[in-house]
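> Coordinates in start_27.json, JSON, C-alpha atoms, are listed below.
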[["chain", "number", "residue", "atom", "x", "y", "z"],
["A", 25, "MET", "CA", -0.62, 56.87, -10.40],
["A", 26, "LYS", "CA", -3.59, 55.21, -12.12],
["A", 27, "LYS", "CA", -1.25, 53.42, -14.53],
["A", 28, "ARG", "CA", 0.81, 52.14, -11.60],
["A", 29, "LEU", "CA", -2.28, 50.83, -9.78],
["A", 30, "LEU", "CA", -3.50, 49.19, -12.99],
["A", 31, "PHE", "CA", -0.12, 47.49, -13.45],
["A", 32, "LEU", "CA", -0.15, 46.22, -9.86],
["A", 33, "GLY", "CA", -3.68, 44.92, -10.29],
["A", 34, "LEU", "CA", -2.78, 43.04, -13.46],
["A", 35, "ALA", "CA", 0.31, 41.63, -11.78],
["A", 36, "LEU", "CA", -1.73, 40.32, -8.85],
["A", 37, "LEU", "CA", -4.21, 38.70, -11.22],
["A", 38, "ALA", "CA", -1.38, 37.02, -13.10],
["A", 39, "MET", "CA", 0.37, 35.67, -10.01],
["A", 40, "PRO", "CA", -1.86, 32.55, -9.50],
["A", 41, "HIS", "CA", -1.37, 31.65, -13.16],
["A", 42, "MET", "CA", 2.39, 32.11, -12.88],
["A", 43, "MET", "CA", 2.47, 29.99, -9.70],
["A", 44, "ALA", "CA", 0.40, 27.25, -11.37],
["A", 45, "GLN", "CA", 2.84, 27.20, -14.26],
["A", 46, "SER", "CA", 5.74, 26.73, -11.85],
["A", 47, "VAL", "CA", 4.24, 23.59, -10.28],
["A", 48, "VAL", "CA", 5.77, 20.43, -11.73],
["A", 49, "VAL", "CA", 5.38, 16.67, -11.46],
["A", 50, "PRO", "CA", 8.61, 15.19, -10.07],
["A", 51, "SER", "CA", 10.17, 12.00, -11.36],
["A", 52, "TYR", "CA", 11.85, 10.89, -8.13],
["A", 53, "ARG", "CA", 11.34, 11.17, -4.38],
["A", 54, "MET", "CA", 14.21, 10.37, -2.04],
["A", 55, "GLY", "CA", 14.32, 11.03, 1.69],
["A", 56, "ASN", "CA", 11.48, 13.61, 1.64],
["A", 57, "HIS", "CA", 13.08, 15.41, -1.31],
["A", 58, "TYR", "CA", 11.83, 15.55, -4.90],
["A", 59, "PHE", "CA", 13.90, 15.52, -8.09],
["A", 60, "THR", "CA", 13.63, 15.98, -11.85],
["A", 61, "LYS", "CA", 13.99, 13.18, -14.38],
["A", 62, "GLU", "CA", 17.61, 14.18, -14.94],
["A", 63, "LEU", "CA", 18.63, 12.85, -11.53],
["A", 64, "PRO", "CA", 21.61, 10.47, -12.10],
["A", 65, "LEU", "CA", 20.71, 7.07, -10.69],
["A", 66, "ASP", "CA", 24.05, 5.30, -10.54],
["A", 67, "GLY", "CA", 24.83, 6.66, -7.07],
["A", 68, "VAL", "CA", 21.22, 6.75, -5.87],
["A", 69, "PHE", "CA", 20.60, 3.01, -5.90],
["A", 70, "LYS", "CA", 23.78, 2.40, -3.95],
["A", 71, "ILE", "CA", 22.26, 4.10, -0.89],
["A", 72, "SER", "CA", 18.65, 2.95, -1.35],
["A", 73, "GLN", "CA", 16.93, 0.42, 0.90],
["A", 74, "SER", "CA", 14.08, -0.14, -1.51],
["A", 75, "VAL", "CA", 12.55, 1.38, -4.64],
["A", 76, "GLY", "CA", 8.84, 1.62, -5.34],
["A", 77, "ILE", "CA", 6.24, 3.70, -7.15],
["A", 78, "ILE", "CA", 3.91, 6.22, -5.55],
["A", 79, "LYS", "CA", 1.03, 7.98, -7.30],
["A", 80, "ASP", "CA", -1.09, 11.06, -6.74],
["A", 81, "ASP", "CA", -4.84, 11.24, -7.33],
["A", 82, "ASP", "CA", -4.24, 12.35, -10.93],
["A", 83, "GLY", "CA", -2.35, 9.15, -11.67],
["A", 84, "ASN", "CA", 1.08, 10.77, -11.86],
["A", 85, "ARG", "CA", 3.74, 8.18, -10.98],
["A", 86, "VAL", "CA", 6.88, 9.00, -9.00],
["A", 87, "VAL", "CA", 9.78, 6.66, -8.25],
["A", 88, "ASN", "CA", 10.06, 6.52, -4.45],
["A", 89, "VAL", "CA", 13.56, 5.69, -3.22],
["A", 90, "LEU", "CA", 13.61, 4.64, 0.44],
["A", 91, "VAL", "CA", 16.80, 5.68, 2.22],
["A", 92, "SER", "CA", 17.97, 5.59, 5.84],
["A", 93, "GLU", "CA", 16.79, 8.18, 8.39],
["A", 94, "GLY", "CA", 18.85, 11.32, 8.51],
["A", 95, "PHE", "CA", 19.45, 11.33, 4.75],
["A", 96, "THR", "CA", 20.76, 14.61, 3.36],
["A", 97, "VAL", "CA", 20.94, 15.48, -0.31],
["A", 98, "PRO", "CA", 24.50, 15.22, -1.64],
["A", 99, "VAL", "CA", 25.83, 18.49, -3.04],
["A", 100, "ALA", "CA", 26.17, 16.94, -6.50],
["A", 101, "LEU", "CA", 22.40, 16.19, -6.59],
["A", 102, "LYS", "CA", 21.06, 19.51, -5.33],
["A", 103, "LYS", "CA", 20.81, 20.98, -8.82],
["A", 104, "TYR", "CA", 18.20, 18.32, -9.68],
["A", 105, "GLU", "CA", 16.05, 18.98, -6.61],
["A", 106, "ILE", "CA", 12.58, 20.51, -6.94],
["A", 107, "PRO", "CA", 11.47, 22.80, -4.07],
["A", 108, "ARG", "CA", 8.52, 21.25, -2.22],
["A", 109, "ASP", "CA", 6.32, 24.27, -2.90],
["A", 110, "ARG", "CA", 6.69, 23.56, -6.64],
["A", 111, "VAL", "CA", 5.81, 19.85, -6.40],
["A", 112, "LYS", "CA", 2.35, 19.10, -7.77],
["A", 113, "ASN", "CA", 0.05, 17.33, -5.28],
["A", 114, "VAL", "CA", 2.88, 17.11, -2.75],
["A", 115, "ASP", "CA", 0.50, 16.26, 0.13],
["A", 116, "GLN", "CA", -0.93, 13.32, -1.80],
["A", 117, "LEU", "CA", 2.54, 12.08, -2.67],
["A", 118, "GLU", "CA", 3.68, 12.39, 0.94],
["A", 119, "GLU", "CA", 0.71, 10.34, 2.14],
["A", 120, "ALA", "CA", 1.51, 7.66, -0.45],
["A", 121, "ALA", "CA", 5.18, 7.71, 0.55],
["A", 122, "HIS", "CA", 4.28, 7.33, 4.23],
["A", 123, "THR", "CA", 2.15, 4.29, 3.38],
["A", 124, "ASP", "CA", 5.00, 2.86, 1.32],
["A", 125, "ALA", "CA", 7.50, 3.34, 4.15],
["A", 126, "THR", "CA", 5.17, 1.78, 6.73],
["A", 127, "MET", "CA", 4.56, -1.20, 4.46],
["A", 128, "TRP", "CA", 8.29, -1.72, 3.90],
["A", 129, "LYS", "CA", 9.05, -1.49, 7.62],
["A", 130, "LEU", "CA", 6.36, -4.02, 8.57],
["A", 131, "THR", "CA", 7.10, -6.52, 5.82],
["A", 132, "HIS", "CA", 10.79, -6.40, 6.72],
["A", 133, "SER", "CA", 10.16, -6.79, 10.45],
["A", 134, "LYS", "CA", 10.74, -10.14, 12.03],
["A", 135, "ALA", "CA", 7.57, -12.22, 11.84],
["A", 136, "PRO", "CA", 6.65, -14.42, 14.85],
["A", 137, "ASP", "CA", 7.82, -17.44, 12.84],
["A", 138, "LYS", "CA", 7.62, -18.37, 9.20],
["A", 139, "LEU", "CA", 4.27, -19.62, 7.97],
["A", 140, "ALA", "CA", 4.46, -23.34, 7.30],
["A", 141, "VAL", "CA", 1.94, -25.58, 5.61],
["A", 142, "GLY", "CA", 0.82, -28.33, 7.97],
["A", 143, "ARG", "CA", 1.32, -26.22, 11.10],
["A", 144, "PRO", "CA", -0.86, -23.71, 13.00],
["A", 145, "LEU", "CA", -0.39, -19.99, 12.53],
["A", 146, "PRO", "CA", 2.76, -19.02, 14.43],
["A", 147, "GLY", "CA", 2.65, -17.00, 17.64],
["A", 148, "THR", "CA", -0.52, -15.22, 18.68],
["A", 149, "PHE", "CA", -2.49, -12.29, 17.35],
["A", 150, "ALA", "CA", -5.33, -10.02, 18.39],
["A", 151, "GLU", "CA", -6.55, -7.79, 15.55],
["A", 152, "ARG", "CA", -9.72, -5.75, 15.12],
["A", 153, "ASP", "CA", -11.81, -5.42, 11.98],
["A", 154, "ILE", "CA", -13.28, -2.13, 10.74],
["A", 155, "GLN", "CA", -16.45, -2.81, 12.74],
["A", 156, "GLY", "CA", -14.43, -3.12, 15.96],
["A", 157, "THR", "CA", -14.71, -6.91, 16.34],
["A", 158, "LEU", "CA", -11.65, -8.59, 17.86],
["A", 159, "TRP", "CA", -10.13, -11.57, 16.01],
["A", 160, "THR", "CA", -7.73, -14.13, 17.48],
["A", 161, "GLN", "CA", -6.66, -17.68, 16.65],
["A", 162, "ASP", "CA", -9.58, -18.94, 18.71],
["A", 163, "SER", "CA", -12.00, -16.92, 16.54],
["A", 164, "LEU", "CA", -10.97, -18.92, 13.49],
["A", 165, "ARG", "CA", -11.19, -22.43, 14.89],
["A", 166, "GLY", "CA", -14.12, -24.42, 13.60],
["A", 167, "HIS", "CA", -14.11, -22.59, 10.26],
["A", 168, "VAL", "CA", -12.32, -23.07, 7.00],
["A", 169, "THR", "CA", -10.69, -19.64, 6.74],
["A", 170, "VAL", "CA", -9.20, -17.70, 3.85],
["A", 171, "ILE", "CA", -7.05, -14.66, 4.69],
["A", 172, "ASN", "CA", -6.11, -12.12, 2.02],
["A", 173, "VAL", "CA", -3.34, -9.67, 3.01],
["A", 174, "TRP", "CA", -3.27, -6.50, 0.88],
["A", 175, "TYR", "CA", -2.61, -2.77, 0.93],
["A", 176, "SER", "CA", -3.78, 0.27, -1.01],
["A", 177, "GLY", "CA", -0.72, 0.57, -3.26],
["A", 178, "CYS", "CA", -1.04, -2.98, -4.63],
["A", 179, "GLY", "CA", -2.75, -2.84, -8.03],
["A", 180, "PRO", "CA", -3.21, -6.62, -8.41],
["A", 181, "CYS", "CA", -4.76, -6.74, -4.92],
["A", 182, "ARG", "CA", -7.42, -4.23, -5.83],
["A", 183, "LYS", "CA", -8.03, -5.73, -9.27],
["A", 184, "GLU", "CA", -8.98, -9.11, -7.82],
["A", 185, "MET", "CA", -11.30, -7.78, -5.11],
["A", 186, "PRO", "CA", -14.52, -8.22, -7.14],
["A", 187, "ILE", "CA", -13.47, -11.82, -7.91],
["A", 188, "LEU", "CA", -12.84, -12.54, -4.23],
["A", 189, "SER", "CA", -16.19, -11.02, -3.31],
["A", 190, "ALA", "CA", -17.92, -13.60, -5.51],
["A", 191, "TRP", "CA", -16.22, -16.34, -3.47],
["A", 192, "LYS", "CA", -17.96, -15.19, -0.30],
["A", 193, "ASP", "CA", -21.33, -15.08, -2.05],
["A", 194, "LYS", "CA", -20.90, -18.68, -3.26],
["A", 195, "MET", "CA", -19.41, -20.13, -0.05],
["A", 196, "PRO", "CA", -21.25, -18.71, 2.97],
["A", 197, "GLY", "CA", -19.87, -21.47, 5.22],
["A", 198, "VAL", "CA", -16.27, -20.30, 4.72],
["A", 199, "LEU", "CA", -14.78, -17.45, 6.77],
["A", 200, "PHE", "CA", -13.18, -14.83, 4.53],
["A", 201, "LEU", "CA", -10.87, -12.24, 6.18],
["A", 202, "SER", "CA", -8.77, -9.50, 4.65],
["A", 203, "ALA", "CA", -5.91, -7.86, 6.55],
["A", 204, "ASN", "CA", -4.36, -4.46, 5.92],
["A", 205, "PHE", "CA", -1.91, -2.39, 8.02],
["A", 206, "GLU", "CA", -3.61, 0.89, 7.04],
["A", 207, "ASN", "CA", -6.20, 2.67, 9.18],
["A", 208, "ALA", "CA", -9.85, 1.70, 9.29],
["A", 209, "ASP", "CA", -11.08, 4.78, 7.39],
["A", 210, "LYS", "CA", -8.77, 4.07, 4.47],
["A", 211, "VAL", "CA", -9.61, 0.36, 4.43],
["A", 212, "ARG", "CA", -13.32, 1.17, 4.62],
["A", 213, "SER", "CA", -13.08, 3.66, 1.75],
["A", 214, "ILE", "CA", -11.21, 1.31, -0.59],
["A", 215, "THR", "CA", -13.27, -1.80, 0.13],
["A", 216, "ALA", "CA", -16.50, 0.16, -0.35],
["A", 217, "LYS", "CA", -15.26, 1.52, -3.68],
["A", 218, "GLU", "CA", -14.14, -1.92, -4.87],
["A", 219, "GLN", "CA", -17.23, -3.62, -3.36],
["A", 220, "PHE", "CA", -14.99, -6.01, -1.45],
["A", 221, "ASN", "CA", -17.37, -7.84, 0.89],
["A", 222, "TRP", "CA", -15.01, -9.80, 3.17],
["A", 223, "VAL", "CA", -14.44, -9.06, 6.86],
["A", 224, "HIS", "CA", -11.68, -6.44, 6.89],
["A", 225, "ILE", "CA", -8.99, -6.21, 9.56],
["A", 226, "ALA", "CA", -7.34, -2.77, 9.71],
["A", 227, "ASN", "CA", -4.17, -1.57, 11.48],
["A", 228, "ASP", "CA", -2.85, -5.10, 11.12],
["A", 229, "THR", "CA", 0.66, -5.86, 12.35],
["A", 230, "TYR", "CA", 0.52, -9.67, 12.43],
["A", 231, "PHE", "CA", -0.41, -10.91, 8.95],
["A", 232, "THR", "CA", 1.43, -8.02, 7.24],
["A", 233, "LYS", "CA", 4.71, -9.19, 8.76],
["A", 234, "CYS", "CA", 4.09, -12.59, 7.21],
["A", 235, "VAL", "CA", 4.17, -11.03, 3.71],
["A", 236, "GLY", "CA", 7.94, -10.63, 3.99],
["A", 237, "SER", "CA", 9.82, -9.92, 0.78],
["A", 238, "GLY", "CA", 7.53, -12.15, -1.29],
["A", 239, "GLY", "CA", 5.20, -9.30, -2.21],
["A", 240, "TYR", "CA", 1.46, -8.60, -2.11],
["A", 241, "PRO", "CA", -1.07, -10.02, -1.90],
["A", 242, "LEU", "CA", -0.50, -12.90, 0.49],
["A", 243, "THR", "CA", -3.24, -15.54, 0.67],
["A", 244, "ILE", "CA", -3.47, -18.02, 3.53],
["A", 245, "VAL", "CA", -5.94, -20.91, 3.83],
["A", 246, "LEU", "CA", -6.61, -22.58, 7.19],
["A", 247, "ASP", "CA", -8.61, -25.72, 7.82],
["A", 248, "SER", "CA", -11.22, -25.86, 10.58],
["A", 249, "ALA", "CA", -8.57, -26.95, 13.10],
["A", 250, "GLY", "CA", -6.54, -23.81, 12.42],
["A", 251, "ILE", "CA", -3.82, -25.59, 10.44],
["A", 252, "VAL", "CA", -2.23, -23.75, 7.52],
["A", 253, "ARG", "CA", -3.07, -25.64, 4.32],
["A", 254, "TYR", "CA", -1.90, -23.03, 1.83],
["A", 255, "CYS", "CA", 0.12, -19.79, 1.75],
["A", 256, "GLN", "CA", 1.13, -17.96, -1.42],
["A", 257, "ASN", "CA", 2.48, -14.53, -2.30],
["A", 258, "GLY", "CA", 1.15, -12.89, -5.45],
["A", 259, "THR", "CA", -1.97, -13.59, -7.42],
["A", 260, "SER", "CA", -3.04, -15.00, -10.78],
["A", 261, "GLU", "CA", -5.91, -16.95, -12.23],
["A", 262, "ARG", "CA", -4.00, -20.19, -11.63],
["A", 263, "ILE", "CA", -3.37, -19.31, -7.97],
["A", 264, "ARG", "CA", -7.04, -18.47, -7.44],
["A", 265, "GLN", "CA", -8.10, -21.75, -9.03],
["A", 266, "ASP", "CA", -5.70, -23.66, -6.77],
["A", 267, "ILE", "CA", -7.21, -21.94, -3.73],
["A", 268, "LEU", "CA", -10.77, -22.70, -4.80],
["A", 269, "GLN", "CA", -9.92, -26.34, -5.43],
["A", 270, "LEU", "CA", -8.36, -26.62, -1.97],
["A", 271, "ILE", "CA", -11.34, -24.97, -0.28],
["A", 272, "GLY", "CA", -13.58, -27.53, -1.95],
["A", 273, "THR", "CA", -11.65, -30.36, -0.28],
["A", 274, "LEU", "CA", -11.77, -28.73, 3.17],
["A", 275, "LYS", "CA", -15.42, -27.73, 3.43]]
As a first step, turn the structure in this file into structure tokens.

Amino acid sequence: MKKRLLFLGLALLAMPHMMAQSVVVPSYRMGNHYFTKELPLDGVFKISQSVGIIKDDDGNRVVNVLVSEGFTVPVALKKYEIPRDRVKNVDQLEEAAHTDATMWKLTHSKAPDKLAVGRPLPGTFAERDIQGTLWTQDSLRGHVTVINVWYSGCGPCRKEMPILSAWKDKMPGVLFLSANFENADKVRSITAKEQFNWVHIANDTYFTKCVGSGGYPLTIVLDSAGIVRYCQNGTSERIRQDILQLIGTLK
């Protein structure tokens, strides 16, 4: 009896270790399902709407394949599927995937009208920053305004935040706004970590739609009359220099 109890005790102690060993990092996520690196991709990309990368807090990267609602795993692919209870950091990956899906939906929604240099911002908007202040077209008139549209999964966006912060320090007469579709707590956390000192609009649905398929970040420059003088997807040192040169002519 004592030997049996000792065996059971040792087995219980070993269980957490055995469970930890069974947890794996997936290579692919598709329609709320996770797969090993052996997943054949020739058929996968035929049904995908978009493909991106999501990461967990440990930096593990997973290819996230967006598919239509109601997706079910084809029988031929089931042998590559990883049960969710074996997926490492599954909650973190699901949060990242939700952000990715929301971003894709908004950027592929119909914008009010296309941004056009030489014209006012299209349509109307009413967006609140993380302090609760309401911003509209009227709020921007009378100021040269720079708007940076970003989201948490954009590496280049986050990398340039310290550079953009220096702009605000050097040009106090210019209005600097950032816009992000994610919630205020997430925006607040990231901008504090990156020391990004602009005014930050959260839960944005207006400027995010203007990103379209061109990619993040999107930078828009308005003159004091509210006319679009510049709009550009992506970022680089050359793009930033072009923006600074333009601001100098508008101040």
> Could you tell me how far atom CA of Val198 of chain A sits from atom CA of Ile271 of chain A, in Å to one decimal place?
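Calculated distance between atom CA of Ile271 of chain A and atom CA of Val198 of chain A is 8.4 Å.
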> So which one's closest to Gly156 of chain A, A:Val86, A:Ile187, A:Met127, A:Ala208? Using all atoms listed in the file, please.
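Of all the options, A:Ala208 lies closest to Gly156 of chain A.
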> What does the distance from atom CA of Val75 of chain A to atom CA of Val87 of chain A come to in Å, to one decimal?
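So the answer is 7.0 Å.
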> To one decimal place, how far is atom CA of Ile263 of chain A from atom CA of Ala190 of chain A in Å?
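Those two atoms sit 15.8 Å apart.
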> Could you write out as JSON the box around segment 87-97 of chain A (axis-aligned, all atoms listed in the file, 6 Å on each side), with centre and edge lengths in Å to one decimal?

{"center_x": 15.4, "center_y": 10.1, "center_z": 0.1, "size_x": 23.2, "size_y": 22.8, "size_z": 28.8}
> Which residue, A:Lys275, A:Lys192, A:Arg182, A:Arg143, has the smallest gap to Thr259 of chain A when you use all atoms listed in the file?
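When distances to Thr259 of chain A are compared using all atoms listed in the file, the smallest one comes from A:Arg182.
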> So which residues touch Phe149 of chain A within 7 Å, counting all atoms listed in the file, skipping near sequence neighbours fewer than 4 positions away, as an MDAnalysis selection string?
chainID A and resid 160:161 230
> My list of candidates is A:Asn227, A:Ser260, A:Asn88, A:Thr169. Which is closest to Phe69 of chain A when distances are computed with all atoms listed in the file?
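Going through A:Asn227, A:Ser260, A:Asn88, A:Thr169 one by one, the smallest distance to Phe69 of chain A is for A:Asn88.
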> Can you tell me, as a PyMOL selection string, what residues are no more than 9 Å from Lys233 of chain A when counting all atoms listed in the file, ignoring any on the same chain fewer than 4 positions away?
chain A and resi 129-136+228-229
> Do a neighbour search on Ile154 of chain A at 7 Å with all atoms listed in the file, toss out local chain neighbours closer than 6 positions, and write the hits as JSON, numbers by chain.
{"A": [208, 212, 224, 225, 226]}
> Give the answer as one residue: which of A:Ile251, A:Ile78, A:Ala120, A:Ala216 has the shortest atom-to-atom distance to Leu145 of chain A, using all atoms listed in the file?
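Smallest separation from Leu145 of chain A among the options: A:Ile251.
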